[in-house]
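This report refers to the structure that appears directly beneath it.
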Amino acid sequence: MTTHALPLPRTSVWGGVLEHRLLDGLFLLTILTVTFHKLQWSLAGSLTLSDILTSVYLVVFAWDRIGRRDGRFGRTAWVAFAFLLAFALLYLLGFYNLDTSEALSQWSKGMVKFVLHFGFLVTGVALLSRRSTRFYWYALAAFCGGIALDAAYGVVQLVLAEAGANLDQILIQPITSRQTGINVFGAVGGTQEVFRVNALTGDPNHLGIELVIPLLILTPMYLRLERGHRLKTPLAVLLAFLLVVELATLSRSALLGLGCGALILLLPYRRHLRTPAFLVPLAAVALVVATVVLIRLDFFLTVLRARTNTSHAAASPHFAVYSFVPDILHTHPLLGLGLNNFAVYYEFVTGRPDFGPHSFYVATIVETGLVGAALLAVFVGWLFLQLGAARRIGRALTAARDPFAARIRPAAWGMTAALVATLVANVFYLTMTFYYFYVFATLAATLPVIAARRRE
């Protein structure tokens with residue numbers, strides 16, 4: 001399932017260096033901003049900053065390849081392209097189930113997003129397969145760093161909200177003309193507002209689930225760093241910070257996913273759980289959280305009871321959406337209602353024109369039917385196979401006493417755990433349709449290519 005890296009031709013219509021740097025810069029900048037969802041404008045629907053960057057990136061990529069008459073992609077990129085065609089065919093067939101102008105409008109918006117995001121996946125795999133190993137780590141750093149910047153924005157957002165100010169109104173509204181702000185969960189005692197950090201994502205659950213990825217990818221990589229490595233302390237601080245922000249989102253779906261991902265890492269990294277490298281940052285997080293909670297104990301106890309409420313009224317919105325599935329399987333079992341059309345057809349049930357299914361799996365079955373669910377399962381299975389290949393190559397490098405194994409194997413295990421965590425978190429939420437997941441899939445699919453290059 002892997003491929004050899006293909007050499008970059010020396011000739012180019014732009015003179016080589018210019019288009020190389022422009023293409024790489026657009027690629028990294030897109031990855032960096034992929035979770036900045038609040039930076040969006042009403043252009044052909046709703047396009048975020050990363051969508052706009054992707055549009056330019058895809059044009060430059062095509063221009064570069066056409067100019068050099070270079071159609072070589074590599075096996076992994078061709079497999080990704082085959083998935084693009086399969087999903088596109090599925091969505092086009094679902095077009096014939098649309099019967100209103102509103103449904104067509106939603107389907108069109110969904111197709112635009114799909115082409116941009118899956119197009120990035122295919123071309124991203126092709127690009128990374130030709131770039132150096134160092135560039136791959138830059139891409140991973142940009143992805144995790146963008147989520148970390150999002151988290152840092154969220155902390156400032158929370159501090160200012162407690163002081164009565166709206167950071168989004170100061171920074172985001174002048175750029176986008178959109179009114180946004182921190183999520184208000186409720187009020188304790190009728191006066192003390194409970195804020196949930198949403199940063200630039202727009203929803204605290206989105207931020208929480210996205211934070212799971214750098215937490216699980218970077219933890220095993222951090223634990224395998226040599227003592228005295230220049231990144232050891234910065235990564236320890238970063239992981240502790242991300243975990244604190246994760247808790248501040250109050251996202252139950254994110255914590256459920258994080259817990260399941262941690263179980264995946266427990267077996268290969270259990271011996272690290274008793275080391276200072278693991279215990280010291282964890283103790284620091286526990287100390288910070290305990291201090292904040294003790295200062296406002298009654299307030300946090302009330303919030304905790306609200307977030308752990310298992311009554312029918314509290315759980316109903318998350319489980320009720322699953323009741324829609326039998327109706328769809330009865331009326332449109334194979335292809336569903338059409339891409340991006342859940343809200344359109346269930347407005348008469350929810351009373352809201354923008355109500356999401358609060359479950360990625362419900363959205364998949366309702367909008368694309370059994371065929372879409374099966375295709376999704378194959379795609380996710382392919383990602384697991386790619387990560388499994390990376391782990392096997394990592395073991396071979398370990399047997400050969402190649403120090404590079406201490407980078408590849410932790411990254412592969414971390415991405416495997418992050419993929420499991422994301423799948424679990426999306427049982428009761430919907431983030432796998434977001435752009436960040438396609439970027440994660442790009443990095444996961446390409447990892448064995450990078451590893452194979454080292455082995456050879």
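Every chain in the structure tokens takes a letter, A first, then B, and so on in the order presented; its residues are numbered from 1, and the ligands are numbered from 1 following the presented order.
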Neighbouring residues of Thr176 (chain A) were defined as those with any atom within 9 Å, considering only C-alpha atoms; residues of the same chain fewer than 3 positions away were excluded. Please report them as an mmCIF file with all heavy atoms, in the first residue's frame.
data_model
loop_
_atom_site.group_PDB
_atom_site.id
_atom_site.type_symbol
_atom_site.label_atom_id
_atom_site.label_comp_id
_atom_site.auth_asym_id
_atom_site.auth_seq_id
_atom_site.Cartn_x
_atom_site.Cartn_y
_atom_site.Cartn_z
ATOM 1 N N LYS A 38 -13.695 30.135 11.941
ATOM 2 C CA LYS A 38 -14.378 31.430 12.027
ATOM 3 C C LYS A 38 -13.908 32.403 10.949
ATOM 4 O O LYS A 38 -14.617 33.376 10.656
ATOM 5 C CB LYS A 38 -14.161 32.053 13.406
ATOM 6 C CG LYS A 38 -14.947 31.385 14.519
ATOM 7 C CD LYS A 38 -14.714 32.074 15.851
ATOM 8 C CE LYS A 38 -15.510 31.416 16.970
ATOM 9 N NZ LYS A 38 -15.241 32.017 18.293
ATOM 10 N N LEU A 39 -12.751 32.163 10.371
ATOM 11 C CA LEU A 39 -12.267 33.013 9.281
ATOM 12 C C LEU A 39 -12.904 32.530 7.990
ATOM 13 O O LEU A 39 -12.296 31.824 7.182
ATOM 14 C CB LEU A 39 -10.744 32.949 9.203
ATOM 15 C CG LEU A 39 -9.983 33.547 10.387
ATOM 16 C CD1 LEU A 39 -8.490 33.347 10.234
ATOM 17 C CD2 LEU A 39 -10.308 35.033 10.534
ATOM 18 N N GLN A 40 -14.154 32.889 7.782
ATOM 19 C CA GLN A 40 -14.881 32.462 6.597
ATOM 20 C C GLN A 40 -15.735 33.602 6.057
ATOM 21 O O GLN A 40 -16.117 34.520 6.781
ATOM 22 C CB GLN A 40 -15.757 31.251 6.898
ATOM 23 C CG GLN A 40 -16.862 31.504 7.912
ATOM 24 C CD GLN A 40 -17.778 30.293 8.035
ATOM 25 O OE1 GLN A 40 -18.712 30.122 7.256
ATOM 26 N NE2 GLN A 40 -17.499 29.460 9.025
ATOM 27 N N TRP A 41 -16.014 33.509 4.760
ATOM 28 C CA TRP A 41 -16.784 34.529 4.070
ATOM 29 C C TRP A 41 -17.819 33.855 3.173
ATOM 30 O O TRP A 41 -17.662 32.696 2.787
ATOM 31 C CB TRP A 41 -15.859 35.392 3.213
ATOM 32 C CG TRP A 41 -14.841 36.137 4.005
ATOM 33 C CD1 TRP A 41 -14.927 37.405 4.473
ATOM 34 C CD2 TRP A 41 -13.559 35.645 4.429
ATOM 35 N NE1 TRP A 41 -13.797 37.742 5.169
ATOM 36 C CE2 TRP A 41 -12.943 36.686 5.160
ATOM 37 C CE3 TRP A 41 -12.885 34.432 4.285
ATOM 38 C CZ2 TRP A 41 -11.678 36.545 5.726
ATOM 39 C CZ3 TRP A 41 -11.625 34.278 4.852
ATOM 40 C CH2 TRP A 41 -11.037 35.329 5.560
ATOM 41 N N ILE A 172 -12.033 39.182 14.885
ATOM 42 C CA ILE A 172 -12.630 38.415 13.790
ATOM 43 C C ILE A 172 -13.693 39.211 13.034
ATOM 44 O O ILE A 172 -13.720 39.221 11.803
ATOM 45 C CB ILE A 172 -13.246 37.106 14.325
ATOM 46 C CG1 ILE A 172 -12.188 36.293 15.071
ATOM 47 C CG2 ILE A 172 -13.841 36.296 13.182
ATOM 48 C CD1 ILE A 172 -10.992 35.936 14.245
ATOM 49 N N GLN A 173 -14.563 39.888 13.757
ATOM 50 C CA GLN A 173 -15.673 40.592 13.107
ATOM 51 C C GLN A 173 -15.215 41.641 12.101
ATOM 52 O O GLN A 173 -15.802 41.747 11.015
ATOM 53 C CB GLN A 173 -16.583 41.217 14.162
ATOM 54 C CG GLN A 173 -17.859 41.804 13.575
ATOM 55 C CD GLN A 173 -18.829 42.253 14.655
ATOM 56 O OE1 GLN A 173 -18.775 41.790 15.797
ATOM 57 N NE2 GLN A 173 -19.724 43.163 14.310
ATOM 58 N N GLN A 179 -20.701 37.992 13.274
ATOM 59 C CA GLN A 179 -20.753 38.114 14.725
ATOM 60 C C GLN A 179 -20.555 36.736 15.355
ATOM 61 O O GLN A 179 -21.378 35.840 15.173
ATOM 62 C CB GLN A 179 -22.085 38.721 15.169
ATOM 63 C CG GLN A 179 -22.278 40.161 14.739
ATOM 64 C CD GLN A 179 -23.563 40.751 15.286
ATOM 65 O OE1 GLN A 179 -24.394 40.051 15.844
ATOM 66 N NE2 GLN A 179 -23.718 42.055 15.115
#
Skip Phe27 (chain A) itself and residues of its chain fewer than 4 positions away, then list as a ChimeraX atom specification all residues within 8 Å of it, counting only C-alpha atoms.
-> /A:23,31,54,57,124
Can you spit out the residues from that selection as an mmCIF file, in the first residue's frame, using N, CA, C and O atoms?
data_model
loop_
_atom_site.group_PDB
_atom_site.id
_atom_site.type_symbol
_atom_site.label_atom_id
_atom_site.label_comp_id
_atom_site.auth_asym_id
_atom_site.auth_seq_id
_atom_site.Cartn_x
_atom_site.Cartn_y
_atom_site.Cartn_z
ATOM 1 N N LEU A 23 4.409 26.615 -3.998
ATOM 2 C CA LEU A 23 3.566 25.446 -3.796
ATOM 3 C C LEU A 23 3.701 24.923 -2.366
ATOM 4 O O LEU A 23 2.699 24.651 -1.692
ATOM 5 N N ILE A 31 -2.487 23.942 5.763
ATOM 6 C CA ILE A 31 -2.504 23.032 6.916
ATOM 7 C C ILE A 31 -2.546 23.812 8.219
ATOM 8 O O ILE A 31 -3.281 23.457 9.148
ATOM 9 N N THR A 54 -6.641 26.704 -0.399
ATOM 10 C CA THR A 54 -6.642 25.436 -1.123
ATOM 11 C C THR A 54 -6.936 25.656 -2.599
ATOM 12 O O THR A 54 -6.329 25.017 -3.471
ATOM 13 N N TYR A 57 -3.824 26.842 -4.084
ATOM 14 C CA TYR A 57 -2.850 25.749 -4.074
ATOM 15 C C TYR A 57 -3.125 24.748 -5.198
ATOM 16 O O TYR A 57 -2.197 24.318 -5.903
ATOM 17 N N GLY A 124 -1.967 16.430 -1.946
ATOM 18 C CA GLY A 124 -1.082 16.474 -0.787
ATOM 19 C C GLY A 124 -0.249 15.212 -0.662
ATOM 20 O O GLY A 124 0.961 15.269 -0.364
#
Residues of region 27-92 of chain A within 10 Å of region 375-381 of chain A: nearest atom pair and distance (Å, one decimal) for each, counting only C-alpha atoms, sorted by chain and number, as CSV?
residue,atom,partner,partner_atom,distance
A:Val79,CA,A:Phe379,CA,9.9
A:Ala80,CA,A:Phe379,CA,8.9
A:Phe83,CA,A:Phe379,CA,7.2
A:Ala86,CA,A:Leu375,CA,7.9
A:Phe87,CA,A:Leu375,CA,7.6
A:Leu90,CA,A:Leu375,CA,9.0
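If only C-alpha atoms are the atoms counted, then among A:Ala363, A:Leu53, A:Leu294, A:Ala148 the closest residue to Leu239 (chain A) is A:Ala148.
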Pick from A:Val424, A:Val293, A:Met432, A:Ala277, whichever lies nearest to Gly228 (chain A) using only C-alpha atoms | A:Ala277
Return the single residue from A:Thr100, A:Ser129, A:Ser177, A:Thr30 that is closest to His117 (chain A), with distances computed using only C-alpha atoms.
-> A:Thr30
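Every protein or nucleic acid residue with an atom no more than 12 Å from Leu22 (chain A), counting only C-alpha atoms and leaving out same-chain residues fewer than 2 positions away, appears here: Trp14, Gly16, Val17, Leu18, Glu19, His20, Asp24, Gly25, Leu26, Phe27, Leu28, Leu29, Leu53, Val56, Tyr57, Leu58, Val59, Val60, Phe61, Trp63 and Asp64 of chain A.
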Would you save the residues from that selection as a PDB file, in the first residue's frame, using N, CA, C and O atoms?
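Final output, saved to selection.pdb:
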ATOM      1  N   TRP A  14       8.699  27.833 -14.551  1.00  0.00           N
ATOM      2  CA  TRP A  14       8.906  29.003 -13.688  1.00  0.00           C
ATOM      3  C   TRP A  14      10.350  29.123 -13.219  1.00  0.00           C
ATOM      4  O   TRP A  14      10.656  29.981 -12.411  1.00  0.00           O
ATOM      5  N   GLY A  16      12.009  26.594 -11.519  1.00  0.00           N
ATOM      6  CA  GLY A  16      12.331  25.633 -10.469  1.00  0.00           C
ATOM      7  C   GLY A  16      12.046  26.124  -9.065  1.00  0.00           C
ATOM      8  O   GLY A  16      11.102  25.679  -8.417  1.00  0.00           O
ATOM      9  N   VAL A  17      12.852  27.037  -8.571  1.00  0.00           N
ATOM     10  CA  VAL A  17      12.789  27.409  -7.165  1.00  0.00           C
ATOM     11  C   VAL A  17      11.509  28.160  -6.824  1.00  0.00           C
ATOM     12  O   VAL A  17      10.891  27.911  -5.786  1.00  0.00           O
ATOM     13  N   LEU A  18      11.080  29.059  -7.694  1.00  0.00           N
ATOM     14  CA  LEU A  18       9.939  29.916  -7.392  1.00  0.00           C
ATOM     15  C   LEU A  18       8.668  29.109  -7.156  1.00  0.00           C
ATOM     16  O   LEU A  18       8.007  29.245  -6.126  1.00  0.00           O
ATOM     17  N   GLU A  19       8.313  28.232  -8.131  1.00  0.00           N
ATOM     18  CA  GLU A  19       7.060  27.496  -7.972  1.00  0.00           C
ATOM     19  C   GLU A  19       7.175  26.459  -6.866  1.00  0.00           C
ATOM     20  O   GLU A  19       6.186  26.111  -6.214  1.00  0.00           O
ATOM     21  N   HIS A  20       8.389  25.946  -6.633  1.00  0.00           N
ATOM     22  CA  HIS A  20       8.616  24.988  -5.557  1.00  0.00           C
ATOM     23  C   HIS A  20       8.278  25.630  -4.209  1.00  0.00           C
ATOM     24  O   HIS A  20       7.539  25.063  -3.398  1.00  0.00           O
ATOM     25  N   ASP A  24       4.936  24.809  -1.884  1.00  0.00           N
ATOM     26  CA  ASP A  24       5.155  24.320  -0.520  1.00  0.00           C
ATOM     27  C   ASP A  24       4.587  25.289   0.507  1.00  0.00           C
ATOM     28  O   ASP A  24       4.015  24.873   1.518  1.00  0.00           O
ATOM     29  N   GLY A  25       4.762  26.591   0.247  1.00  0.00           N
ATOM     30  CA  GLY A  25       4.240  27.583   1.185  1.00  0.00           C
ATOM     31  C   GLY A  25       2.731  27.542   1.291  1.00  0.00           C
ATOM     32  O   GLY A  25       2.164  27.609   2.386  1.00  0.00           O
ATOM     33  N   LEU A  26       2.048  27.430   0.140  1.00  0.00           N
ATOM     34  CA  LEU A  26       0.589  27.330   0.149  1.00  0.00           C
ATOM     35  C   LEU A  26       0.128  26.063   0.857  1.00  0.00           C
ATOM     36  O   LEU A  26      -0.854  26.066   1.604  1.00  0.00           O
ATOM     37  N   PHE A  27       0.848  24.972   0.636  1.00  0.00           N
ATOM     38  CA  PHE A  27       0.517  23.700   1.274  1.00  0.00           C
ATOM     39  C   PHE A  27       0.606  23.819   2.794  1.00  0.00           C
ATOM     40  O   PHE A  27      -0.324  23.446   3.518  1.00  0.00           O
ATOM     41  N   LEU A  28       1.708  24.360   3.293  1.00  0.00           N
ATOM     42  CA  LEU A  28       1.901  24.470   4.739  1.00  0.00           C
ATOM     43  C   LEU A  28       0.945  25.489   5.356  1.00  0.00           C
ATOM     44  O   LEU A  28       0.428  25.281   6.461  1.00  0.00           O
ATOM     45  N   LEU A  29       0.692  26.589   4.653  1.00  0.00           N
ATOM     46  CA  LEU A  29      -0.210  27.610   5.176  1.00  0.00           C
ATOM     47  C   LEU A  29      -1.643  27.091   5.263  1.00  0.00           C
ATOM     48  O   LEU A  29      -2.375  27.394   6.210  1.00  0.00           O
ATOM     49  N   LEU A  53      -7.219  29.306   0.350  1.00  0.00           N
ATOM     50  CA  LEU A  53      -5.827  28.928   0.138  1.00  0.00           C
ATOM     51  C   LEU A  53      -5.734  27.637  -0.668  1.00  0.00           C
ATOM     52  O   LEU A  53      -4.863  27.491  -1.531  1.00  0.00           O
ATOM     53  N   VAL A  56      -6.219  28.231  -4.427  1.00  0.00           N
ATOM     54  CA  VAL A  56      -5.000  28.745  -5.058  1.00  0.00           C
ATOM     55  C   VAL A  56      -3.960  27.635  -5.163  1.00  0.00           C
ATOM     56  O   VAL A  56      -3.292  27.474  -6.197  1.00  0.00           O
ATOM     57  N   TYR A  57      -3.824  26.842  -4.084  1.00  0.00           N
ATOM     58  CA  TYR A  57      -2.850  25.749  -4.074  1.00  0.00           C
ATOM     59  C   TYR A  57      -3.125  24.748  -5.198  1.00  0.00           C
ATOM     60  O   TYR A  57      -2.197  24.318  -5.903  1.00  0.00           O
ATOM     61  N   LEU A  58      -4.387  24.362  -5.383  1.00  0.00           N
ATOM     62  CA  LEU A  58      -4.718  23.386  -6.419  1.00  0.00           C
ATOM     63  C   LEU A  58      -4.427  23.932  -7.817  1.00  0.00           C
ATOM     64  O   LEU A  58      -3.969  23.192  -8.701  1.00  0.00           O
ATOM     65  N   VAL A  59      -4.668  25.225  -8.022  1.00  0.00           N
ATOM     66  CA  VAL A  59      -4.359  25.845  -9.326  1.00  0.00           C
ATOM     67  C   VAL A  59      -2.849  25.823  -9.573  1.00  0.00           C
ATOM     68  O   VAL A  59      -2.381  25.464 -10.662  1.00  0.00           O
ATOM     69  N   VAL A  60      -2.078  26.201  -8.551  1.00  0.00           N
ATOM     70  CA  VAL A  60      -0.618  26.210  -8.691  1.00  0.00           C
ATOM     71  C   VAL A  60      -0.087  24.793  -8.902  1.00  0.00           C
ATOM     72  O   VAL A  60       0.814  24.564  -9.714  1.00  0.00           O
ATOM     73  N   PHE A  61      -0.648  23.832  -8.190  1.00  0.00           N
ATOM     74  CA  PHE A  61      -0.232  22.438  -8.347  1.00  0.00           C
ATOM     75  C   PHE A  61      -0.468  21.972  -9.786  1.00  0.00           C
ATOM     76  O   PHE A  61       0.413  21.369 -10.414  1.00  0.00           O
ATOM     77  N   TRP A  63      -0.905  23.851 -12.456  1.00  0.00           N
ATOM     78  CA  TRP A  63      -0.062  24.646 -13.361  1.00  0.00           C
ATOM     79  C   TRP A  63       1.359  24.089 -13.385  1.00  0.00           C
ATOM     80  O   TRP A  63       1.974  23.951 -14.455  1.00  0.00           O
ATOM     81  N   ASP A  64       1.858  23.739 -12.218  1.00  0.00           N
ATOM     82  CA  ASP A  64       3.214  23.211 -12.117  1.00  0.00           C
ATOM     83  C   ASP A  64       3.342  21.880 -12.840  1.00  0.00           C
ATOM     84  O   ASP A  64       4.277  21.661 -13.617  1.00  0.00           O
TER      85      ASP A  64
END
Give me the residues within 9 Å of Leu243 (chain A) as a count of residues only, counting only C-alpha atoms and dropping any in the same chain fewer than 5 places off.
-> 7
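Counting only C-alpha atoms and comparing A:Ala290, A:Gly372, A:Gln169, A:Leu218, the residue that lies closest to His332 (chain A) is A:Gly372.
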For the atom pair CA of Ala126 (chain A) and CA of Phe73 (chain A), what is the interatomic distance in Å to one decimal place?
-> 5.4 Å
